[in-house]
file query09.tsv (TSV, C-alpha atoms and all ligand atoms)
chain	number	residue	atom	x	y	z
A	61	MET	CA	192.88	103.84	-20.28
A	62	THR	CA	189.94	101.93	-18.87
A	63	LYS	CA	190.47	98.29	-17.98
A	64	PRO	CA	188.94	95.83	-20.47
A	65	ARG	CA	186.10	94.08	-18.67
A	66	ASN	CA	185.04	91.43	-21.14
A	67	PRO	CA	186.81	88.19	-20.18
A	68	ARG	CA	187.45	87.38	-23.86
A	69	THR	CA	189.42	90.58	-24.16
A	70	ILE	CA	191.30	89.89	-20.92
A	71	ALA	CA	192.26	86.42	-22.19
A	72	ALA	CA	193.52	87.79	-25.50
A	73	ARG	CA	195.23	90.94	-24.23
A	74	LYS	CA	196.30	90.87	-20.59
A	75	GLY	CA	199.97	91.89	-20.46
A	76	ILE	CA	200.16	92.58	-24.22
A	77	ALA	CA	202.34	95.50	-25.29
A	78	VAL	CA	203.25	96.66	-21.79
A	79	ASP	CA	206.95	95.69	-21.81
A	80	THR	CA	209.01	98.75	-20.93
A	81	SER	CA	212.44	97.28	-21.82
A	82	PHE	CA	211.99	96.69	-25.57
A	83	GLY	CA	208.31	97.23	-26.29
A	84	ALA	CA	207.76	93.50	-26.72
A	85	VAL	CA	204.14	92.83	-27.71
A	86	ALA	CA	204.07	89.31	-26.24
A	87	PRO	CA	204.94	89.56	-22.54
A	88	PRO	CA	208.51	88.28	-22.01
A	89	ILE	CA	209.32	85.30	-19.80
A	90	HIS	CA	211.43	86.07	-16.73
A	91	LEU	CA	213.43	83.05	-15.62
A	92	SER	CA	215.70	84.84	-13.17
A	93	THR	CA	215.45	83.37	-9.69
A	94	THR	CA	216.66	86.54	-7.98
A	95	TYR	CA	216.21	90.30	-8.39
A	96	VAL	CA	218.35	93.35	-7.64
A	97	PHE	CA	217.72	95.30	-4.45
A	98	PRO	CA	217.65	98.90	-5.76
A	99	GLU	CA	219.25	100.04	-2.54
A	100	PHE	CA	220.29	98.88	0.91
A	101	GLU	CA	217.34	97.56	2.95
A	102	ARG	CA	214.88	97.98	0.05
A	103	ALA	CA	213.64	95.18	-2.22
A	104	GLY	CA	212.13	95.91	-5.62
A	105	THR	CA	208.76	94.54	-6.78
A	106	HIS	CA	210.30	91.07	-6.86
A	107	ASP	CA	213.20	89.72	-4.84
A	108	TYR	CA	213.16	85.91	-5.13
A	109	SER	CA	211.11	83.81	-7.59
A	110	ARG	CA	209.62	81.37	-5.09
A	111	THR	CA	208.01	84.39	-3.43
A	112	SER	CA	207.07	86.26	-6.58
A	113	ASN	CA	208.05	86.34	-10.24
A	114	PRO	CA	206.95	88.76	-12.98
A	115	THR	CA	205.75	86.02	-15.37
A	116	ARG	CA	203.82	84.17	-12.66
A	117	SER	CA	202.35	87.42	-11.34
A	118	LEU	CA	201.04	88.27	-14.80
A	119	LEU	CA	199.34	84.87	-15.01
A	120	ALA	CA	197.89	85.36	-11.52
A	121	GLU	CA	196.49	88.78	-12.45
A	122	THR	CA	195.02	87.33	-15.65
A	123	LEU	CA	193.32	84.49	-13.78
A	124	ALA	CA	192.00	86.87	-11.12
A	125	GLU	CA	190.48	89.12	-13.79
A	126	LEU	CA	189.04	86.18	-15.73
A	127	GLU	CA	187.33	84.83	-12.61
A	128	GLY	CA	186.34	88.28	-11.34
A	129	GLY	CA	188.45	87.97	-8.18
A	130	GLU	CA	190.70	90.42	-6.38
A	131	GLY	CA	193.76	88.18	-6.36
A	132	ALA	CA	195.15	84.77	-7.29
A	133	VAL	CA	198.02	82.47	-6.41
A	134	VAL	CA	199.55	80.29	-9.12
A	135	THR	CA	200.68	76.89	-7.86
A	136	SER	CA	202.79	74.05	-9.23
A	137	SER	CA	199.77	71.76	-9.79
A	138	GLY	CA	196.03	71.56	-9.32
A	139	MET	CA	196.59	69.41	-6.25
A	140	ALA	CA	198.85	72.10	-4.78
A	141	ALA	CA	195.97	74.54	-5.36
A	142	VAL	CA	193.50	72.30	-3.51
A	143	ASP	CA	196.03	71.96	-0.69
A	144	LEU	CA	196.58	75.71	-0.59
A	145	ALA	CA	192.85	76.51	-0.50
A	146	THR	CA	192.47	74.21	2.51
A	147	SER	CA	195.77	75.22	4.15
A	148	GLN	CA	194.22	77.61	6.67
A	149	LEU	CA	191.96	74.95	8.21
A	150	ARG	CA	192.94	73.83	11.70
A	151	ALA	CA	192.53	70.70	13.77
A	152	PHE	CA	188.79	70.06	14.42
A	153	ASP	CA	187.70	72.40	11.61
A	154	LEU	CA	185.27	70.55	9.37
A	155	LEU	CA	185.55	70.53	5.57
A	156	VAL	CA	182.55	69.25	3.59
A	157	ALA	CA	183.53	67.83	0.20
A	158	PRO	CA	181.63	65.99	-2.55
A	159	HIS	CA	181.69	62.17	-2.34
A	160	ASP	CA	182.44	62.09	-6.08
A	161	CYS	CA	185.22	64.72	-6.18
A	162	TYR	CA	188.38	64.33	-8.26
A	163	GLY	CA	190.29	61.23	-7.09
A	164	GLY	CA	193.45	63.15	-6.18
A	165	THR	CA	191.39	65.60	-4.12
A	166	HIS	CA	189.68	62.70	-2.34
A	167	ARG	CA	193.09	61.17	-1.56
A	168	LEU	CA	194.56	64.48	-0.32
A	169	LEU	CA	191.60	65.40	1.90
A	170	SER	CA	191.41	61.86	3.30
A	171	ALA	CA	195.13	61.96	4.12
A	172	ARG	CA	194.75	65.34	5.87
A	173	ARG	CA	191.85	63.92	7.86
A	174	ASP	CA	193.80	60.76	8.78
A	175	MET	CA	196.70	62.93	9.96
A	176	LYS	CA	194.22	64.95	12.02
A	177	HIS	CA	195.08	68.21	10.26
A	178	PHE	CA	191.34	68.85	9.92
A	179	ASP	CA	188.07	66.88	9.70
A	180	VAL	CA	186.47	65.95	6.41
A	181	MET	CA	182.97	64.81	5.58
A	182	PHE	CA	182.29	63.46	2.07
A	183	VAL	CA	178.65	63.94	1.10
A	184	ASP	CA	176.36	63.80	-1.91
A	185	GLN	CA	175.99	67.55	-2.42
A	186	GLY	CA	173.11	67.03	-4.83
A	187	ASN	CA	171.07	65.56	-1.96
A	188	PRO	CA	169.50	68.35	0.18
A	189	GLU	CA	169.09	66.02	3.19
A	190	HIS	CA	172.79	65.12	3.12
A	191	MET	CA	173.64	68.81	2.86
A	192	GLU	CA	171.44	69.71	5.84
A	193	GLU	CA	173.12	66.97	7.83
A	194	ALA	CA	176.51	68.36	6.83
A	195	PHE	CA	175.52	71.92	7.81
A	196	SER	CA	174.26	70.74	11.18
A	197	ALA	CA	177.84	69.61	11.92
A	198	SER	CA	179.00	73.29	11.70
A	199	PRO	CA	181.45	73.11	8.79
A	200	THR	CA	184.26	75.66	8.39
A	201	MET	CA	184.51	75.19	4.65
A	202	ILE	CA	182.44	73.71	1.82
A	203	PHE	CA	184.31	72.37	-1.18
A	204	ILE	CA	182.28	72.10	-4.41
A	205	GLU	CA	183.20	70.49	-7.72
A	206	THR	CA	180.71	70.95	-10.54
A	207	PRO	CA	180.31	69.34	-13.03
A	208	SER	CA	181.75	66.27	-11.34
A	209	ASN	CA	184.07	63.67	-12.77
A	210	PRO	CA	183.24	61.40	-14.57
A	211	LEU	CA	179.43	61.44	-14.30
A	212	MET	CA	179.04	65.17	-14.91
A	213	ARG	CA	176.73	65.69	-11.93
A	214	VAL	CA	175.83	69.35	-11.45
A	215	VAL	CA	175.15	71.08	-8.12
A	216	ASP	CA	173.63	74.51	-7.49
A	217	ILE	CA	176.59	76.71	-6.52
A	218	ARG	CA	174.52	79.75	-5.54
A	219	ALA	CA	172.15	77.76	-3.31
A	220	ILE	CA	175.02	76.03	-1.48
A	221	ALA	CA	176.96	79.30	-1.20
A	222	GLU	CA	173.98	81.11	0.33
A	223	ARG	CA	173.45	78.30	2.83
A	224	ALA	CA	177.17	78.24	3.65
A	225	ARG	CA	177.28	81.99	4.18
A	226	ARG	CA	174.45	81.79	6.72
A	227	ALA	CA	176.42	79.04	8.48
A	228	GLY	CA	179.58	81.18	8.46
A	229	ALA	CA	181.47	78.69	6.28
A	230	LYS	CA	183.90	79.51	3.45
A	231	ILE	CA	183.09	78.11	0.01
A	232	ALA	CA	185.61	76.87	-2.55
A	233	VAL	CA	184.70	75.69	-6.06
A	234	ASP	CA	186.94	73.57	-8.26
A	235	ASN	CA	186.19	75.13	-11.67
A	236	THR	CA	188.59	72.97	-13.68
A	237	PHE	CA	185.97	71.25	-15.84
A	238	LEU	CA	184.51	74.47	-17.26
A	239	SER	CA	187.12	77.22	-16.84
A	240	PRO	CA	186.12	80.88	-16.36
A	241	ALA	CA	185.01	80.89	-19.99
A	242	LEU	CA	181.90	78.89	-19.03
A	243	GLN	CA	181.43	79.32	-15.27
A	244	ARG	CA	182.39	82.10	-12.85
A	245	PRO	CA	181.69	80.86	-9.31
A	246	LEU	CA	182.81	84.07	-7.55
A	247	ALA	CA	179.84	85.85	-9.13
A	248	LEU	CA	177.61	83.17	-7.55
A	249	GLY	CA	178.84	84.08	-4.07
A	250	VAL	CA	181.80	81.81	-3.37
A	251	ASP	CA	185.10	82.76	-1.70
A	252	TYR	CA	187.68	80.77	-3.66
A	253	VAL	CA	187.96	79.26	-7.11
A	254	ILE	CA	190.41	76.41	-7.61
A	255	HIS	CA	191.89	75.37	-10.94
A	256	SER	CA	194.00	72.65	-12.33
A	257	THR	CA	195.40	74.91	-15.07
A	258	THR	CA	196.77	71.66	-16.52
A	259	LYS	CA	193.38	71.27	-18.20
A	260	TYR	CA	191.43	73.89	-20.20
A	261	LEU	CA	193.33	77.00	-19.13
A	262	ASN	CA	196.66	75.82	-20.52
A	263	GLY	CA	194.80	73.58	-22.94
A	264	HIS	CA	197.76	72.01	-24.74
A	265	SER	CA	198.62	69.07	-22.46
A	266	ASP	CA	202.15	70.33	-21.80
A	267	VAL	CA	201.95	72.01	-18.37
A	268	VAL	CA	200.96	70.75	-14.91
A	269	GLY	CA	199.81	73.73	-12.87
A	270	GLY	CA	197.13	75.15	-10.63
A	271	ALA	CA	195.68	78.30	-9.13
A	272	VAL	CA	193.54	79.61	-6.29
A	273	VAL	CA	191.56	82.74	-7.13
A	274	CYS	CA	190.08	84.71	-4.23
A	275	ALA	CA	187.12	87.04	-4.02
A	276	LYS	CA	189.09	89.13	-1.50
A	277	LYS	CA	192.61	90.50	-1.90
A	278	SER	CA	193.35	90.00	1.82
A	279	GLU	CA	192.71	86.26	1.47
A	280	ALA	CA	194.80	86.00	-1.71
A	281	ASP	CA	197.64	87.60	0.28
A	282	ILE	CA	197.33	84.97	3.02
A	283	PHE	CA	197.44	82.16	0.44
A	284	ALA	CA	200.37	83.81	-1.37
A	285	ALA	CA	202.29	83.95	1.90
A	286	TRP	CA	201.54	80.28	2.62
A	287	ALA	CA	202.50	79.19	-0.93
A	288	ASN	CA	205.82	80.96	-0.36
A	289	ILE	CA	206.30	79.33	3.05
A	290	VAL	CA	205.75	75.80	1.74
A	291	GLY	CA	207.21	76.51	-1.70
A	292	THR	CA	204.32	75.37	-3.89
A	293	THR	CA	204.28	78.34	-6.26
A	294	GLY	CA	204.41	77.53	-9.99
A	295	SER	CA	207.44	77.93	-12.25
A	296	ALA	CA	207.92	80.90	-14.57
A	297	PHE	CA	208.15	78.69	-17.62
A	298	ASP	CA	204.86	76.97	-16.81
A	299	ALA	CA	203.25	80.36	-16.15
A	300	TYR	CA	204.46	81.60	-19.54
A	301	LEU	CA	203.01	78.58	-21.37
A	302	THR	CA	199.74	78.75	-19.44
A	303	LEU	CA	199.24	82.41	-20.31
A	304	ARG	CA	199.96	81.55	-23.94
A	305	GLY	CA	197.28	78.84	-23.71
A	306	ILE	CA	194.77	81.26	-22.17
A	307	ARG	CA	194.99	83.53	-25.25
A	308	THR	CA	192.83	81.01	-27.15
A	309	LEU	CA	190.74	79.69	-24.23
A	310	PHE	CA	187.43	81.11	-25.44
A	311	PRO	CA	187.53	79.99	-29.10
A	312	ARG	CA	188.95	76.60	-28.07
A	313	ILE	CA	186.25	75.78	-25.59
A	314	ALA	CA	183.50	77.17	-27.82
A	315	GLN	CA	184.53	74.84	-30.65
A	316	GLN	CA	185.11	71.90	-28.32
A	317	GLN	CA	181.71	72.15	-26.66
A	318	GLN	CA	179.97	72.43	-30.02
A	319	SER	CA	181.52	69.09	-31.02
A	320	ALA	CA	180.78	67.64	-27.56
A	321	LEU	CA	177.07	68.40	-27.94
A	322	ALA	CA	176.97	66.82	-31.40
A	323	ILE	CA	178.76	63.75	-30.04
A	324	ALA	CA	176.45	63.50	-27.01
A	325	ARG	CA	173.38	63.62	-29.27
A	326	HIS	CA	174.90	61.03	-31.54
A	327	LEU	CA	175.75	58.67	-28.68
A	328	ALA	CA	172.28	59.09	-27.18
A	329	LYS	CA	170.79	57.71	-30.40
A	330	SER	CA	173.04	54.64	-30.51
A	331	ALA	CA	171.65	51.22	-29.56
A	332	SER	CA	175.11	50.30	-28.18
A	333	VAL	CA	174.92	53.08	-25.59
A	334	GLU	CA	172.93	52.65	-22.42
A	335	ARG	CA	173.23	56.16	-21.01
A	336	VAL	CA	174.94	59.47	-21.87
A	337	HIS	CA	176.08	61.90	-19.16
A	338	TYR	CA	176.25	65.39	-20.65
A	339	PRO	CA	174.62	68.41	-18.97
A	340	GLY	CA	173.82	69.84	-22.39
A	341	LEU	CA	171.23	67.13	-23.02
A	342	PRO	CA	167.77	68.09	-21.67
A	343	SER	CA	167.50	64.55	-20.27
A	344	HIS	CA	170.49	65.16	-17.94
A	345	PRO	CA	169.30	65.62	-14.31
A	346	GLY	CA	171.53	68.73	-13.92
A	347	HIS	CA	170.49	70.35	-17.20
A	348	THR	CA	168.36	73.13	-15.69
A	349	ILE	CA	170.93	74.15	-13.06
A	350	ALA	CA	173.74	73.94	-15.61
A	351	LYS	CA	171.78	76.18	-17.96
A	352	ALA	CA	171.27	78.73	-15.20
A	353	GLN	CA	174.77	78.86	-13.69
A	354	GLN	CA	176.99	78.04	-16.69
A	355	SER	CA	177.41	79.94	-19.93
A	356	GLY	CA	178.00	76.68	-21.81
A	357	PHE	CA	177.85	72.96	-21.18
A	358	GLY	CA	181.54	72.24	-21.70
A	359	ALA	CA	183.38	69.59	-23.67
A	360	MET	CA	183.51	66.72	-21.17
A	361	LEU	CA	181.04	63.85	-21.29
A	362	SER	CA	180.76	60.22	-20.35
A	363	PHE	CA	178.60	57.35	-21.51
A	364	GLU	CA	177.86	53.76	-20.62
A	365	LEU	CA	178.19	51.02	-23.19
A	366	ALA	CA	175.40	48.44	-23.11
A	367	GLY	CA	177.98	45.66	-23.41
A	368	GLY	CA	179.86	46.52	-20.19
A	369	GLY	CA	183.62	46.13	-19.63
A	370	GLU	CA	184.24	43.91	-22.67
A	371	ALA	CA	182.52	46.43	-24.93
A	372	ALA	CA	184.66	49.20	-23.41
A	373	ARG	CA	187.81	47.22	-24.21
A	374	ARG	CA	186.74	46.69	-27.82
A	375	PHE	CA	185.78	50.37	-28.08
A	376	VAL	CA	189.13	51.76	-26.92
A	377	GLU	CA	191.02	49.22	-29.02
A	378	THR	CA	189.20	50.46	-32.11
A	379	VAL	CA	189.32	54.27	-31.81
A	380	ARG	CA	191.95	55.89	-34.02
A	381	ILE	CA	191.50	59.59	-33.23
A	382	PHE	CA	190.49	59.53	-29.56
A	383	THR	CA	193.63	58.70	-27.59
A	384	LEU	CA	193.39	56.39	-24.57
A	385	ALA	CA	194.80	58.63	-21.83
A	386	GLU	CA	193.95	60.35	-18.55
A	387	SER	CA	193.64	64.14	-18.18
A	388	LEU	CA	191.41	66.45	-20.21
A	389	GLY	CA	190.96	69.89	-21.65
A	390	GLY	CA	193.64	69.71	-24.35
A	391	VAL	CA	193.31	70.38	-28.08
A	392	GLU	CA	193.43	66.61	-28.72
A	393	SER	CA	190.47	64.32	-28.02
A	394	LEU	CA	190.98	61.74	-25.29
A	395	VAL	CA	189.03	58.74	-24.10
A	396	ALA	CA	189.44	57.33	-20.59
A	397	HIS	CA	188.06	54.22	-18.94
A	398	PRO	CA	187.46	55.42	-15.36
A	399	ALA	CA	187.10	51.92	-13.83
A	400	THR	CA	190.64	50.91	-14.85
A	401	MET	CA	192.28	54.35	-15.05
A	402	THR	CA	191.23	57.46	-13.07
A	403	HIS	CA	189.14	55.51	-10.53
A	404	ALA	CA	191.14	52.27	-10.38
A	405	GLY	CA	192.13	53.16	-6.81
A	406	MET	CA	188.53	52.71	-5.65
A	407	ASP	CA	187.42	49.16	-4.84
A	408	ALA	CA	184.77	47.60	-7.08
A	409	ASP	CA	181.94	48.11	-4.58
A	410	ALA	CA	182.75	51.78	-4.02
A	411	ARG	CA	182.93	52.27	-7.79
A	412	GLN	CA	179.58	50.60	-8.25
A	413	ALA	CA	178.06	52.77	-5.50
A	414	ALA	CA	179.46	55.89	-7.18
A	415	GLY	CA	177.91	54.82	-10.50
A	416	ILE	CA	181.24	54.13	-12.21
A	417	THR	CA	180.38	50.98	-14.14
A	418	ASP	CA	182.81	48.85	-16.16
A	419	GLY	CA	181.11	50.01	-19.36
A	420	LEU	CA	181.60	53.71	-18.58
A	421	LEU	CA	183.87	55.75	-20.86
A	422	ARG	CA	184.78	59.44	-20.50
A	423	LEU	CA	185.54	61.71	-23.41
A	424	SER	CA	187.47	64.97	-23.49
A	425	VAL	CA	186.49	66.46	-26.83
A	426	GLY	CA	189.28	68.28	-28.66
A	427	LEU	CA	189.59	70.45	-31.73
A	428	GLU	CA	189.60	67.83	-34.48
A	429	ALA	CA	186.87	68.04	-37.14
A	430	GLU	CA	183.51	67.00	-35.72
A	431	GLU	CA	182.83	64.59	-38.63
A	432	ASP	CA	186.13	62.80	-38.03
A	433	LEU	CA	185.39	62.43	-34.32
A	434	ILE	CA	181.89	61.06	-34.96
A	435	GLU	CA	183.17	58.67	-37.62
A	436	ASP	CA	185.80	57.42	-35.16
A	437	LEU	CA	183.17	56.88	-32.46
A	438	GLU	CA	180.82	55.16	-34.94
A	439	ALA	CA	183.51	52.62	-35.86
A	440	ALA	CA	184.32	52.02	-32.18
A	441	LEU	CA	180.64	51.62	-31.28
A	442	ALA	CA	180.22	49.06	-34.06
A	443	ALA	CA	183.28	47.18	-32.80
A	444	SER	CA	182.03	47.35	-29.21
A	445	ARG	CA	179.09	45.12	-30.06
A	446	PRO	CA	179.67	41.43	-29.39
A	447	ALA	CA	180.42	39.28	-32.44
A	448	ARG	CA	177.21	37.32	-31.84
A	449	PRO	CA	174.01	39.37	-31.67
A	450	LEU	CA	172.75	39.97	-28.15
A	451	ARG	CA	169.34	38.66	-29.07
A	452	LYS	CA	168.65	35.79	-31.44
A	453	LYS	CA	167.06	36.94	-34.66
A	454	ARG	CA	163.62	35.49	-35.20
A	455	ALA	CA	163.62	32.78	-37.83
B	501	LIG	C1	193.22	67.32	-12.79
B	501	LIG	C2	192.34	67.82	-11.74
B	501	LIG	C3	192.84	68.20	-10.49
B	501	LIG	C4	194.29	68.04	-10.11
B	501	LIG	O1	195.11	68.84	-10.90
B	501	LIG	P1	196.65	68.50	-11.24
B	501	LIG	O2	197.05	69.66	-12.06
B	501	LIG	O3	196.65	67.19	-11.96
B	501	LIG	O4	197.38	68.41	-9.95
B	501	LIG	C5	191.94	68.72	-9.57
B	501	LIG	N1	190.63	68.83	-9.84
B	501	LIG	C6	190.11	68.46	-11.04
B	501	LIG	C7	188.65	68.61	-11.28
B	501	LIG	C8	190.95	67.94	-12.03
B	501	LIG	O5	190.42	67.57	-13.20
call {"tool": "encode", "arguments": {"input": "query09.tsv", "output": "structure tokens"}}
result
Amino acid sequence: MTKPRNPRTIAARKGIAVDTSFGAVAPPIHLSTTYVFPEFERAGTHDYSRTSNPTRSLLAETLAELEGGEGAVVTSSGMAAVDLATSQLRAFDLLVAPHDCYGGTHRLLSARRDMKHFDVMFVDQGNPEHMEEAFSASPTMIFIETPSNPLMRVVDIRAIAERARRAGAKIAVDNTFLSPALQRPLALGVDYVIHSTTKYLNGHSDVVGGAVVCAKKSEADIFAAWANIVGTTGSAFDAYLTLRGIRTLFPRIAQQQQSALAIARHLAKSASVERVHYPGLPSHPGHTIAKAQQSGFGAMLSFELAGGGEAARRFVETVRIFTLAESLGGVESLVAHPATMTHAGMDADARQAAGITDGLLRLSVGLEAEEDLIEDLEAALAASRPARPLRKKRA
């Protein structure tokens, strides 16, 4: 039998109907921590579940095929995946990361730098001069996150990867915001893809997990060995749930991004909204690159309310369908206020410099009916306006 190549088919079918014990169609979950040695001095395929586990291996193979890589390591969280991807860096190696990367990634890389495990330079990767400056410092690895959180900035993966290859640097892309359904960075020339599977891949807001997918099998083996050494591999139960989530990845994200585009257009027309950040809008500065390197614009967007922080408060106090919560990528729509939630750790000046204003709200668009979502936003936008009109009506 030839291997199915279309990622949609991989998502729906990987591991289906291959059980040899009972002919189970859905791949069984294997919770056993330990496995029989078939004979003295000889381990079977699996010996101990921290090292390898049939359920986790199936998820890893699925992720590797979805991303077009030769191997993957499934970790206990997205942060563990970021840590694993950077685990082979040594003292004085330089990692170049985006200044607006995920907050947890910024905290982890800063901590590694402070402990002198390796050097880190945070740069605006959308600025060619900053990138040239970074390359002149001879980096060992470039870490990319596109689209970025929460302003949805887009950088050109292929261009950075080509430049990095000439400089002899490894390239890692955090692909959490789009998933392999909408962006496949390995095909654009990168070495590693990182995921927080907590988000779109699992998609049901009930698993924290991560993965590193590698272009080369030999590198996946090195990461697998390290994940075993430090014990950051994911649990079998989480792997089982994540694979179950992946079955519907493509239809979920297709529906979600359709609603996200409708919502972005709607918000862009509202007088209460100052600015909308969604790469699917032609006015977005990353629209052209996004169109070229992504196969969809995704279901994450953010927007700035004209009325600032007070308007944001009134908005989130009015929404009935959008839930005020962090995280993203689930079937349920969420709204987050970055200034007081995901980016509260940044001081006000740093937030301002990063463009995270008090009136900024981020949406993760779920699977509810589009009309219901828009109606909910309409009511919240109306409530976000101050009780007195901003401008005095002419007599
Ligand atoms: C959530 C997230 C992470 C961290 O993943 P966890 O599963 O929460 O540890 C990393 N990168 C991005 C882009 C994320 O959204």
call {"tool": "residues_near_ligand", "arguments": {"input": "query09.tsv", "ligand": "ligand LIG 501 (chain B)", "cutoff": "6 Å", "atoms": "all atoms listed in the file", "output": "ChimeraX atom specification"}}
result
/A:137-139,162,236-237,256,258,268-270
call {"tool": "atom_distance", "arguments": {"input": "query09.tsv", "atom1": "atom CA of A:Glu222", "atom2": "atom CA of A:Val133"}}
result
25.0 Å
call {"tool": "atom_distance", "arguments": {"input": "query09.tsv", "atom1": "atom CA of A:Ala443", "atom2": "atom CA of A:Gln318"}}
result
25.6 Å
call {"tool": "closest_residue", "arguments": {"input": "query09.tsv", "among": "A:Ala271, A:Leu155, A:Ile76, A:Met406", "to": "A:Ile231", "atoms": "only C-alpha atoms"}}
result
A:Leu155
call {"tool": "atom_distance", "arguments": {"input": "query09.tsv", "atom1": "atom CA of A:Ala350", "atom2": "atom CA of A:Pro240"}}
result
14.2 Å
call {"tool": "closest_residue", "arguments": {"input": "query09.tsv", "among": "A:Pro446, A:Gly356, A:Gly340, A:Gly390", "to": "A:Glu370", "atoms": "only C-alpha atoms"}}
result
A:Pro446
call {"tool": "closest_residue", "arguments": {"input": "query09.tsv", "among": "A:Asp107, A:Glu99, A:Asp174, A:Glu130", "to": "A:Lys277", "atoms": "only C-alpha atoms"}}
result
A:Glu130
call {"tool": "closest_residue", "arguments": {"input": "query09.tsv", "among": "A:Gly129, A:Met175, A:Phe152, A:Tyr300", "to": "A:Asp251", "atoms": "all atoms listed in the file"}}
result
A:Gly129
call {"tool": "closest_residue", "arguments": {"input": "query09.tsv", "among": "A:Val142, A:Ala328, A:Ala247, A:Met191", "to": "A:Arg167", "atoms": "only C-alpha atoms"}}
result
A:Val142
call {"tool": "residues_around", "arguments": {"input": "query09.tsv", "residues": "A:Arg223", "least_positions_apart": "2", "cutoff": "12 Å", "atoms": "all atoms listed in the file", "output": "list in words"}}
result
Pro188, Met191, Glu192, Ala194, Phe195, Ser196, Ser198, Pro199, Met201, Ile202, Asp216, Ile217, Arg218, Ala219, Ile220, Ala221, Arg225, Arg226, Ala227, Gly228, Ala229, Lys230, Ile231, Gly249 and Val250 of chain A
call {"tool": "axis_aligned_box", "arguments": {"input": "query09.tsv", "around": "stretch 394-404 of chain A", "padding_each_side": "6 Å", "output": "AutoDock Vina command-line options"}}
result
--center_x 189.7 --center_y 56.3 --center_z -17.8 --size_x 17.2 --size_y 22.8 --size_z 26.9
call {"tool": "closest_residue", "arguments": {"input": "query09.tsv", "among": "A:Gly128, A:Val267, A:Thr111, A:Ala141", "to": "A:Phe297", "atoms": "only C-alpha atoms"}}
result
A:Val267
call {"tool": "residues_around", "arguments": {"input": "query09.tsv", "residues": "A:Thr383", "least_positions_apart": "4", "cutoff": "12 Å", "atoms": "only C-alpha atoms", "output": "CSV table (one decimal) with C-alpha atoms, keeping the file's coordinate frame"}}
result
chain,number,residue,atom,x,y,z
A,375,PHE,CA,185.8,50.4,-28.1
A,376,VAL,CA,189.1,51.8,-26.9
A,377,GLU,CA,191.0,49.2,-29.0
A,378,THR,CA,189.2,50.5,-32.1
A,379,VAL,CA,189.3,54.3,-31.8
A,387,SER,CA,193.6,64.1,-18.2
A,388,LEU,CA,191.4,66.4,-20.2
A,390,GLY,CA,193.6,69.7,-24.4
A,391,VAL,CA,193.3,70.4,-28.1
A,392,GLU,CA,193.4,66.6,-28.7
A,393,SER,CA,190.5,64.3,-28.0
A,394,LEU,CA,191.0,61.7,-25.3
A,395,VAL,CA,189.0,58.7,-24.1
A,396,ALA,CA,189.4,57.3,-20.6
A,397,HIS,CA,188.1,54.2,-18.9
A,422,ARG,CA,184.8,59.4,-20.5
A,423,LEU,CA,185.5,61.7,-23.4
A,424,SER,CA,187.5,65.0,-23.5
A,425,VAL,CA,186.5,66.5,-26.8
A,426,GLY,CA,189.3,68.3,-28.7
A,433,LEU,CA,185.4,62.4,-34.3
A,436,ASP,CA,185.8,57.4,-35.2
A,437,LEU,CA,183.2,56.9,-32.5
call {"tool": "residues_around", "arguments": {"input": "query09.tsv", "residues": "A:Asn113", "least_positions_apart": "5", "cutoff": "10 Å", "atoms": "all atoms listed in the file", "output": "MDAnalysis selection string"}}
result
chainID A and resid 89:95 105:108 118 293:296 299
call {"tool": "residues_around", "arguments": {"input": "query09.tsv", "residues": "stretch 144-149 of chain A", "least_positions_apart": "5", "cutoff": "8 Å", "atoms": "only C-alpha atoms", "output": "list in words"}}
result
His177, Phe178, Thr200, Ala232, Tyr252, Ile254, Val272, Phe283, Trp286 and Ala287 of chain A
call {"tool": "residues_around", "arguments": {"input": "query09.tsv", "residues": "A:Ala371", "least_positions_apart": "3", "cutoff": "10 Å", "atoms": "all atoms listed in the file", "output": "number ranges by chain"}}
result
A: 332, 364-368, 374-377, 418-420, 440-446
call {"tool": "decode", "arguments": {"input": "query09.tsv", "residues": "stretch 413-419 of chain A", "atoms": "N, CA and C atoms", "output": "CSV table (one decimal), in the first residue's frame"}}
result
chain,number,residue,atom,x,y,z
A,413,ALA,N,6.0,50.0,23.6
A,413,ALA,CA,7.0,49.9,22.5
A,413,ALA,C,6.6,48.7,21.6
A,414,ALA,N,6.1,47.7,22.2
A,414,ALA,CA,5.7,46.5,21.4
A,414,ALA,C,4.4,46.6,20.7
A,415,GLY,N,3.7,47.8,20.9
A,415,GLY,CA,2.4,48.0,20.3
A,415,GLY,C,1.2,47.4,20.9
A,416,ILE,N,1.4,47.0,22.2
A,416,ILE,CA,0.3,46.3,22.9
A,416,ILE,C,-0.4,47.4,23.8
A,417,THR,N,-1.3,48.0,23.2
A,417,THR,CA,-2.0,49.1,23.8
A,417,THR,C,-3.1,48.6,24.8
A,418,ASP,N,-3.6,49.5,25.7
A,418,ASP,CA,-4.6,49.1,26.7
A,418,ASP,C,-5.9,48.8,26.0
A,419,GLY,N,-6.1,49.3,24.8
A,419,GLY,CA,-7.4,49.0,24.1
A,419,GLY,C,-7.3,47.8,23.2
